[in-house]
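So this one's entry.cif, mmCIF, N, CA and C atoms:
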data_work
loop_
_atom_site.label_atom_id
_atom_site.label_comp_id
_atom_site.auth_asym_id
_atom_site.auth_seq_id
_atom_site.Cartn_x
_atom_site.Cartn_y
_atom_site.Cartn_z
N MET A 1 117.83 60.42 115.78
CA MET A 1 116.87 61.21 115.03
C MET A 1 117.52 62.54 114.67
N ARG A 2 117.43 62.89 113.43
CA ARG A 2 118.03 64.14 112.94
C ARG A 2 117.04 65.28 113.11
N THR A 3 117.51 66.43 113.61
CA THR A 3 116.63 67.59 113.75
C THR A 3 116.88 68.56 112.61
N LEU A 4 115.85 69.25 112.23
CA LEU A 4 115.95 70.24 111.16
C LEU A 4 116.34 71.58 111.74
N PRO A 5 117.14 72.36 111.03
CA PRO A 5 117.49 73.69 111.53
C PRO A 5 116.24 74.57 111.60
N THR A 6 116.24 75.49 112.54
CA THR A 6 115.08 76.38 112.69
C THR A 6 115.13 77.55 111.73
N GLU A 7 116.30 77.83 111.20
CA GLU A 7 116.41 78.92 110.23
C GLU A 7 117.32 78.48 109.11
N ASN A 8 116.98 78.85 107.90
CA ASN A 8 117.81 78.49 106.76
C ASN A 8 119.14 79.22 106.85
N PRO A 9 120.23 78.53 106.53
CA PRO A 9 121.53 79.21 106.53
C PRO A 9 121.60 80.20 105.38
N PRO A 10 122.46 81.20 105.49
CA PRO A 10 122.59 82.15 104.38
C PRO A 10 123.00 81.41 103.11
N ALA A 11 122.44 81.82 102.01
CA ALA A 11 122.81 81.25 100.73
C ALA A 11 124.15 81.85 100.35
N SER A 12 125.19 81.04 100.37
CA SER A 12 126.55 81.56 100.17
C SER A 12 126.67 82.24 98.81
N GLY A 13 126.97 83.54 98.87
CA GLY A 13 127.18 84.32 97.67
C GLY A 13 125.93 84.51 96.82
N HIS A 14 124.80 84.12 97.32
CA HIS A 14 123.57 84.21 96.54
C HIS A 14 122.63 85.23 97.17
N LEU A 15 122.20 86.17 96.41
CA LEU A 15 121.25 87.19 96.85
C LEU A 15 121.71 87.90 98.12
N PHE A 16 122.91 88.40 98.09
CA PHE A 16 123.49 89.19 99.17
C PHE A 16 123.62 88.41 100.48
N GLY A 17 123.67 87.09 100.40
CA GLY A 17 123.81 86.28 101.60
C GLY A 17 122.59 86.28 102.50
N LEU A 18 121.44 86.56 101.96
CA LEU A 18 120.21 86.57 102.75
C LEU A 18 119.72 85.15 102.98
N THR A 19 119.09 84.93 104.13
CA THR A 19 118.42 83.65 104.35
C THR A 19 117.19 83.58 103.46
N ASP A 20 116.64 82.40 103.34
CA ASP A 20 115.42 82.26 102.54
C ASP A 20 114.31 83.14 103.11
N GLY A 21 114.19 83.18 104.43
CA GLY A 21 113.17 84.01 105.08
C GLY A 21 113.37 85.49 104.77
N GLU A 22 114.62 85.94 104.80
CA GLU A 22 114.92 87.35 104.52
C GLU A 22 114.66 87.69 103.05
N ALA A 23 115.05 86.79 102.16
CA ALA A 23 114.82 87.02 100.73
C ALA A 23 113.32 87.01 100.42
N GLY A 24 112.61 86.06 101.00
CA GLY A 24 111.16 85.99 100.79
C GLY A 24 110.45 87.21 101.34
N TYR A 25 110.90 87.66 102.51
CA TYR A 25 110.31 88.86 103.12
C TYR A 25 110.53 90.07 102.21
N ALA A 26 111.77 90.23 101.73
CA ALA A 26 112.08 91.37 100.87
C ALA A 26 111.23 91.33 99.60
N LEU A 27 111.10 90.16 99.00
CA LEU A 27 110.31 90.03 97.78
C LEU A 27 108.85 90.43 98.02
N LEU A 28 108.28 89.93 99.10
CA LEU A 28 106.87 90.24 99.40
C LEU A 28 106.69 91.72 99.76
N ARG A 29 107.59 92.26 100.59
CA ARG A 29 107.48 93.66 101.00
C ARG A 29 107.62 94.60 99.81
N VAL A 30 108.61 94.36 98.97
CA VAL A 30 108.86 95.23 97.81
C VAL A 30 107.69 95.13 96.82
N THR A 31 107.20 93.93 96.58
CA THR A 31 106.10 93.75 95.63
C THR A 31 104.82 94.41 96.14
N LEU A 32 104.50 94.22 97.42
CA LEU A 32 103.33 94.87 97.99
C LEU A 32 103.50 96.39 97.95
N GLY A 33 104.70 96.87 98.28
CA GLY A 33 104.97 98.30 98.23
C GLY A 33 104.76 98.88 96.84
N LEU A 34 105.27 98.19 95.83
CA LEU A 34 105.11 98.65 94.45
C LEU A 34 103.63 98.66 94.06
N ASN A 35 102.91 97.63 94.44
CA ASN A 35 101.48 97.54 94.14
C ASN A 35 100.72 98.70 94.75
N ILE A 36 100.93 98.95 96.03
CA ILE A 36 100.20 100.02 96.73
C ILE A 36 100.64 101.39 96.22
N LEU A 37 101.94 101.56 95.98
CA LEU A 37 102.44 102.82 95.42
C LEU A 37 101.74 103.13 94.10
N LEU A 38 101.64 102.15 93.23
CA LEU A 38 101.03 102.39 91.92
C LEU A 38 99.52 102.56 92.01
N HIS A 39 98.88 101.96 93.02
CA HIS A 39 97.47 102.28 93.27
C HIS A 39 97.32 103.79 93.47
N GLY A 40 98.17 104.34 94.34
CA GLY A 40 98.10 105.76 94.65
C GLY A 40 98.49 106.64 93.49
N VAL A 41 99.61 106.31 92.84
CA VAL A 41 100.12 107.15 91.76
C VAL A 41 99.13 107.23 90.60
N THR A 42 98.56 106.10 90.21
CA THR A 42 97.61 106.14 89.08
C THR A 42 96.39 106.98 89.42
N ARG A 43 95.96 106.95 90.67
CA ARG A 43 94.82 107.78 91.08
C ARG A 43 95.20 109.25 91.14
N LEU A 44 96.43 109.54 91.53
CA LEU A 44 96.88 110.93 91.55
C LEU A 44 97.01 111.47 90.13
N VAL A 45 97.54 110.66 89.22
CA VAL A 45 97.72 111.09 87.84
C VAL A 45 96.37 111.37 87.18
N SER A 46 95.38 110.51 87.44
CA SER A 46 94.06 110.74 86.84
C SER A 46 93.28 111.83 87.57
N GLY A 47 93.79 112.25 88.71
CA GLY A 47 93.17 113.33 89.47
C GLY A 47 92.40 112.81 90.67
N PRO A 48 92.83 113.21 91.87
CA PRO A 48 92.13 112.76 93.08
C PRO A 48 90.65 113.13 93.08
N GLY A 49 90.31 114.25 92.47
CA GLY A 49 88.91 114.67 92.41
C GLY A 49 88.06 113.71 91.61
N ALA A 50 88.60 113.24 90.48
CA ALA A 50 87.87 112.28 89.65
C ALA A 50 87.67 110.97 90.40
N PHE A 51 88.72 110.53 91.10
CA PHE A 51 88.60 109.30 91.89
C PHE A 51 87.56 109.48 92.99
N ALA A 52 87.61 110.63 93.67
CA ALA A 52 86.65 110.90 94.75
C ALA A 52 85.23 110.91 94.22
N ASP A 53 85.03 111.54 93.06
CA ASP A 53 83.68 111.57 92.46
C ASP A 53 83.17 110.16 92.18
N SER A 54 84.06 109.30 91.66
CA SER A 54 83.63 107.93 91.34
C SER A 54 83.31 107.15 92.61
N LEU A 55 84.04 107.39 93.67
CA LEU A 55 83.78 106.69 94.93
C LEU A 55 82.49 107.19 95.58
N VAL A 56 82.27 108.50 95.53
CA VAL A 56 81.01 109.05 96.07
C VAL A 56 79.83 108.44 95.33
N LYS A 57 79.93 108.34 94.01
CA LYS A 57 78.86 107.74 93.21
C LYS A 57 78.65 106.28 93.61
N ALA A 58 79.74 105.55 93.84
CA ALA A 58 79.64 104.14 94.21
C ALA A 58 78.97 103.95 95.57
N PHE A 59 79.10 104.94 96.44
CA PHE A 59 78.52 104.84 97.78
C PHE A 59 77.10 105.41 97.87
N THR A 60 76.60 105.98 96.78
CA THR A 60 75.24 106.51 96.78
C THR A 60 74.26 105.39 97.14
N GLY A 61 73.42 105.65 98.12
CA GLY A 61 72.45 104.66 98.55
C GLY A 61 72.96 103.71 99.63
N SER A 62 74.24 103.84 100.01
CA SER A 62 74.78 102.98 101.07
C SER A 62 74.62 103.68 102.42
N LEU A 63 75.00 103.01 103.47
CA LEU A 63 74.92 103.59 104.81
C LEU A 63 76.00 104.65 105.07
N MET A 64 77.01 104.70 104.21
CA MET A 64 78.11 105.64 104.40
C MET A 64 77.76 106.98 103.76
N PRO A 65 77.70 108.05 104.55
CA PRO A 65 77.32 109.36 104.00
C PRO A 65 78.45 109.99 103.18
N GLU A 66 78.05 110.79 102.20
CA GLU A 66 79.03 111.45 101.32
C GLU A 66 80.01 112.31 102.11
N VAL A 67 79.55 112.90 103.21
CA VAL A 67 80.41 113.77 104.01
C VAL A 67 81.63 112.99 104.56
N LEU A 68 81.54 111.68 104.65
CA LEU A 68 82.68 110.86 105.07
C LEU A 68 83.42 110.27 103.86
N VAL A 69 82.68 109.95 102.82
CA VAL A 69 83.28 109.30 101.65
C VAL A 69 84.24 110.23 100.91
N ARG A 70 83.80 111.45 100.63
CA ARG A 70 84.61 112.36 99.81
C ARG A 70 85.98 112.67 100.45
N PRO A 71 86.07 113.06 101.72
CA PRO A 71 87.40 113.34 102.28
C PRO A 71 88.30 112.10 102.29
N PHE A 72 87.71 110.94 102.59
CA PHE A 72 88.50 109.70 102.57
C PHE A 72 89.02 109.44 101.16
N ALA A 73 88.15 109.59 100.17
CA ALA A 73 88.52 109.33 98.78
C ALA A 73 89.58 110.31 98.29
N LEU A 74 89.52 111.55 98.75
CA LEU A 74 90.53 112.54 98.35
C LEU A 74 91.89 112.24 98.98
N GLY A 75 91.89 111.72 100.20
CA GLY A 75 93.15 111.42 100.88
C GLY A 75 93.74 110.07 100.54
N LEU A 76 92.91 109.13 100.09
CA LEU A 76 93.37 107.76 99.85
C LEU A 76 94.54 107.66 98.87
N PRO A 77 94.53 108.34 97.73
CA PRO A 77 95.67 108.22 96.81
C PRO A 77 96.99 108.70 97.43
N PHE A 78 96.93 109.72 98.26
CA PHE A 78 98.15 110.22 98.92
C PHE A 78 98.63 109.20 99.95
N ALA A 79 97.69 108.63 100.71
CA ALA A 79 98.05 107.61 101.71
C ALA A 79 98.64 106.38 101.04
N GLU A 80 98.03 105.93 99.95
CA GLU A 80 98.54 104.76 99.24
C GLU A 80 99.94 105.03 98.68
N THR A 81 100.14 106.21 98.14
CA THR A 81 101.45 106.56 97.58
C THR A 81 102.52 106.55 98.67
N LEU A 82 102.21 107.14 99.81
CA LEU A 82 103.17 107.19 100.91
C LEU A 82 103.44 105.80 101.48
N VAL A 83 102.39 105.05 101.78
CA VAL A 83 102.56 103.70 102.31
C VAL A 83 103.34 102.84 101.32
N GLY A 84 102.98 102.90 100.06
CA GLY A 84 103.66 102.10 99.05
C GLY A 84 105.13 102.45 98.91
N ALA A 85 105.45 103.73 98.87
CA ALA A 85 106.84 104.16 98.72
C ALA A 85 107.69 103.73 99.91
N LEU A 86 107.15 103.90 101.12
CA LEU A 86 107.91 103.52 102.31
C LEU A 86 108.09 102.00 102.40
N LEU A 87 107.08 101.24 102.01
CA LEU A 87 107.22 99.78 101.99
C LEU A 87 108.25 99.36 100.95
N LEU A 88 108.22 99.99 99.82
CA LEU A 88 109.13 99.65 98.73
C LEU A 88 110.59 99.73 99.17
N VAL A 89 110.93 100.77 99.91
CA VAL A 89 112.32 100.94 100.36
C VAL A 89 112.57 100.38 101.75
N GLY A 90 111.52 99.98 102.44
CA GLY A 90 111.69 99.40 103.78
C GLY A 90 112.05 100.43 104.83
N LEU A 91 111.37 101.55 104.83
CA LEU A 91 111.62 102.60 105.82
C LEU A 91 110.41 102.72 106.74
N LEU A 92 110.66 102.67 108.05
CA LEU A 92 109.59 102.70 109.06
C LEU A 92 108.61 101.54 108.83
N THR A 93 109.15 100.41 108.47
CA THR A 93 108.35 99.30 107.96
C THR A 93 107.24 98.86 108.90
N ARG A 94 107.54 98.64 110.17
CA ARG A 94 106.51 98.16 111.09
C ARG A 94 105.36 99.16 111.21
N HIS A 95 105.69 100.43 111.32
CA HIS A 95 104.66 101.47 111.43
C HIS A 95 103.84 101.56 110.14
N VAL A 96 104.53 101.47 109.02
CA VAL A 96 103.85 101.57 107.72
C VAL A 96 102.95 100.35 107.49
N LEU A 97 103.40 99.17 107.92
CA LEU A 97 102.54 97.98 107.80
C LEU A 97 101.29 98.14 108.64
N ALA A 98 101.44 98.68 109.84
CA ALA A 98 100.27 98.92 110.70
C ALA A 98 99.34 99.94 110.05
N ALA A 99 99.91 101.02 109.50
CA ALA A 99 99.10 102.04 108.82
C ALA A 99 98.39 101.44 107.60
N GLY A 100 99.11 100.64 106.83
CA GLY A 100 98.49 99.99 105.67
C GLY A 100 97.37 99.05 106.09
N GLY A 101 97.58 98.34 107.19
CA GLY A 101 96.53 97.46 107.70
C GLY A 101 95.30 98.24 108.13
N LEU A 102 95.51 99.37 108.78
CA LEU A 102 94.37 100.22 109.17
C LEU A 102 93.66 100.80 107.95
N LEU A 103 94.42 101.16 106.95
CA LEU A 103 93.84 101.64 105.70
C LEU A 103 92.96 100.55 105.08
N MET A 104 93.46 99.32 105.11
CA MET A 104 92.67 98.20 104.58
C MET A 104 91.41 97.98 105.41
N LEU A 105 91.51 98.17 106.72
CA LEU A 105 90.33 98.04 107.59
C LEU A 105 89.24 99.02 107.14
N ALA A 106 89.64 100.25 106.86
CA ALA A 106 88.67 101.26 106.39
C ALA A 106 88.08 100.86 105.04
N LEU A 107 88.92 100.35 104.14
CA LEU A 107 88.43 99.93 102.83
C LEU A 107 87.48 98.74 102.95
N VAL A 108 87.80 97.79 103.83
CA VAL A 108 86.93 96.63 104.05
C VAL A 108 85.58 97.09 104.58
N LEU A 109 85.59 98.04 105.51
CA LEU A 109 84.33 98.57 106.05
C LEU A 109 83.46 99.13 104.93
N GLY A 110 84.06 99.98 104.11
CA GLY A 110 83.30 100.59 103.02
C GLY A 110 82.79 99.57 102.02
N THR A 111 83.63 98.61 101.70
CA THR A 111 83.24 97.58 100.74
C THR A 111 82.11 96.71 101.29
N ALA A 112 82.18 96.39 102.58
CA ALA A 112 81.12 95.59 103.22
C ALA A 112 79.81 96.37 103.24
N LEU A 113 79.88 97.67 103.52
CA LEU A 113 78.66 98.48 103.54
C LEU A 113 77.99 98.54 102.16
N ARG A 114 78.80 98.40 101.11
CA ARG A 114 78.26 98.39 99.75
C ARG A 114 77.86 96.98 99.31
N GLY A 115 78.20 95.98 100.12
CA GLY A 115 77.84 94.60 99.79
C GLY A 115 78.60 94.03 98.61
N GLU A 116 79.82 94.51 98.38
CA GLU A 116 80.64 94.02 97.26
C GLU A 116 81.58 92.93 97.78
N TRP A 117 81.04 91.74 97.92
CA TRP A 117 81.74 90.66 98.61
C TRP A 117 82.93 90.13 97.82
N GLU A 118 82.87 90.16 96.50
CA GLU A 118 84.01 89.70 95.71
C GLU A 118 85.21 90.64 95.90
N THR A 119 84.95 91.93 95.87
CA THR A 119 86.01 92.92 96.11
C THR A 119 86.55 92.77 97.53
N LEU A 120 85.65 92.52 98.48
CA LEU A 120 86.07 92.36 99.86
C LEU A 120 87.01 91.16 100.01
N GLY A 121 86.75 90.10 99.25
CA GLY A 121 87.64 88.94 99.28
C GLY A 121 89.05 89.29 98.85
N VAL A 122 89.18 90.11 97.81
CA VAL A 122 90.50 90.56 97.36
C VAL A 122 91.15 91.43 98.43
N GLN A 123 90.36 92.31 99.04
CA GLN A 123 90.90 93.17 100.10
C GLN A 123 91.40 92.34 101.28
N MET A 124 90.73 91.24 101.57
CA MET A 124 91.18 90.37 102.66
C MET A 124 92.54 89.76 102.36
N LEU A 125 92.85 89.54 101.08
CA LEU A 125 94.19 89.06 100.72
C LEU A 125 95.24 90.12 101.06
N TYR A 126 94.92 91.38 100.82
CA TYR A 126 95.84 92.45 101.20
C TYR A 126 96.02 92.49 102.72
N VAL A 127 94.92 92.33 103.45
CA VAL A 127 95.00 92.29 104.92
C VAL A 127 95.93 91.15 105.35
N ALA A 128 95.80 90.00 104.71
CA ALA A 128 96.65 88.85 105.04
C ALA A 128 98.12 89.16 104.75
N LEU A 129 98.39 89.84 103.65
CA LEU A 129 99.78 90.20 103.32
C LEU A 129 100.36 91.18 104.34
N TYR A 130 99.60 92.21 104.68
CA TYR A 130 100.06 93.16 105.69
C TYR A 130 100.31 92.43 107.01
N SER A 131 99.40 91.54 107.39
CA SER A 131 99.54 90.81 108.65
C SER A 131 100.75 89.89 108.63
N ALA A 132 100.95 89.18 107.52
CA ALA A 132 102.09 88.28 107.40
C ALA A 132 103.40 89.05 107.49
N LEU A 133 103.47 90.18 106.81
CA LEU A 133 104.70 90.98 106.86
C LEU A 133 104.94 91.54 108.26
N LEU A 134 103.89 91.99 108.90
CA LEU A 134 104.04 92.52 110.26
C LEU A 134 104.48 91.42 111.22
N GLY A 135 103.91 90.24 111.07
CA GLY A 135 104.25 89.13 111.96
C GLY A 135 105.62 88.54 111.72
N THR A 136 106.22 88.83 110.58
CA THR A 136 107.55 88.29 110.27
C THR A 136 108.57 89.41 110.05
N ALA A 137 108.32 90.55 110.65
CA ALA A 137 109.19 91.73 110.46
C ALA A 137 110.64 91.47 110.84
N ARG A 138 110.89 90.44 111.64
CA ARG A 138 112.27 90.12 112.03
C ARG A 138 113.13 89.76 110.81
N PHE A 139 112.50 89.43 109.68
CA PHE A 139 113.24 89.08 108.47
C PHE A 139 113.51 90.29 107.57
N ASN A 140 113.20 91.49 108.03
CA ASN A 140 113.31 92.70 107.23
C ASN A 140 114.76 93.20 107.17
N ARG A 141 115.64 92.41 106.60
CA ARG A 141 117.06 92.75 106.58
C ARG A 141 117.47 93.59 105.37
N LEU A 142 116.82 93.37 104.24
CA LEU A 142 117.15 94.11 103.02
C LEU A 142 116.23 95.33 102.95
N SER A 143 116.58 96.37 103.74
CA SER A 143 115.70 97.53 103.87
C SER A 143 116.49 98.72 104.38
N LEU A 144 115.91 99.90 104.23
CA LEU A 144 116.53 101.09 104.82
C LEU A 144 116.50 101.02 106.34
N ASP A 145 115.47 100.39 106.91
CA ASP A 145 115.42 100.20 108.36
C ASP A 145 116.65 99.45 108.85
N ALA A 146 117.02 98.38 108.15
CA ALA A 146 118.18 97.58 108.55
C ALA A 146 119.47 98.38 108.40
N LEU A 147 119.57 99.18 107.35
CA LEU A 147 120.76 100.02 107.18
C LEU A 147 120.87 101.06 108.29
N ARG A 148 119.74 101.64 108.66
CA ARG A 148 119.74 102.65 109.73
C ARG A 148 120.09 102.04 111.08
N ALA A 149 119.78 100.76 111.27
CA ALA A 149 120.02 100.10 112.56
C ALA A 149 121.49 99.72 112.76
N ARG A 150 122.29 99.76 111.71
CA ARG A 150 123.71 99.37 111.81
C ARG A 150 124.49 100.34 112.63
#
Using the file provided, produce a representation of the structure as structure tokens.
Amino acid sequence: MRTLPTENPPASGHLFGLTDGEAGYALLRVTLGLNILLHGVTRLVSGPGAFADSLVKAFTGSLMPEVLVRPFALGLPFAETLVGALLLVGLLTRHVLAAGGLLMLALVLGTALRGEWETLGVQMLYVALYSALLGTARFNRLSLDALRAR
């Protein structure tokens, strides 16, 4: 009986000699980082105050008081920009994935309190991505973290 290898061999001369797991990890981490970075940047460009005002309006009538919504909404674009940028380059990856996951936890809470179940479903996909990346962090070879570890 033939056994299958537990890890894909490096692709010779292909994509910097990364294994399939390492290449897949890099693709997912960089794409998620770019997505989150641009979430933050677009909100910063349009003005954090305008974003905060729209979020406060969206939470009117919910269980979440404005005194909590406004500071969170003002800080969210900065947090997204930082988390996204660090994920994009792979710096402090495990910590940033945990921070991004906690950020998603806060967003899920707010979305659930507003009863926006379709949006919550999309947010759960982000939670799954953060969780998958955190659980497979051993594949984080194409990153600043890996360069610093040499």
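Nearest residue to Pro48 of chain A, choosing from A:Asp145, A:Glu66, A:Glu80, A:Glu22 and counting only C-alpha atoms: A:Glu80.
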(request) Run DSSP on the backbone and grab whatever in segment 56-148 of chain A lands in alpha helix (DSSP H); send it over as JSON, numbers by chain. (result) {"A": [56, 57, 58, 59, 66, 67, 68, 69, 70, 71, 72, 73, 74, 75, 76, 77, 78, 79, 80, 81, 82, 83, 84, 85, 86, 87, 88, 89, 93, 94, 95, 96, 97, 98, 99, 100, 101, 102, 103, 104, 105, 106, 107, 108, 109, 110, 111, 112, 113, 114, 117, 118, 119, 120, 121, 122, 123, 124, 125, 126, 127, 128, 129, 130, 131, 132, 133, 134, 135, 144, 145, 146, 147, 148]}
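Going from atom N of Asp53 of chain A over to atom C of Pro71 of chain A, you cover 9.8 Å.
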(message) When you count only C-alpha atoms, which of these residues is closest to Leu113 of chain A: A:Ser54, A:Thr42, A:Asn35, A:Thr60?
(response)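 That would be A:Thr60, the residue with the smallest distance to Leu113 of chain A.
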Where is the centre and how long are the edges: axis-aligned box on segment 121-133 of chain A, 4 Å on each side, Å to one decimal, as lines of an AutoDock Vina configuration file:
center_x = 95.8
center_y = 90.7
center_z = 103.0
size_x = 26.2
size_y = 12.9
size_z = 19.3
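Proximity ranking of A:Thr93, A:Thr136, A:Ser62, A:Ser131 relative to Thr111 of chain A places A:Ser62 first, based on only C-alpha atoms.
Take the candidates A:Leu37, A:Leu144, A:Leu18, A:Phe59 and check each one against Leu91 of chain A using only N, CA and C atoms; the shortest distance goes to A:Leu144.
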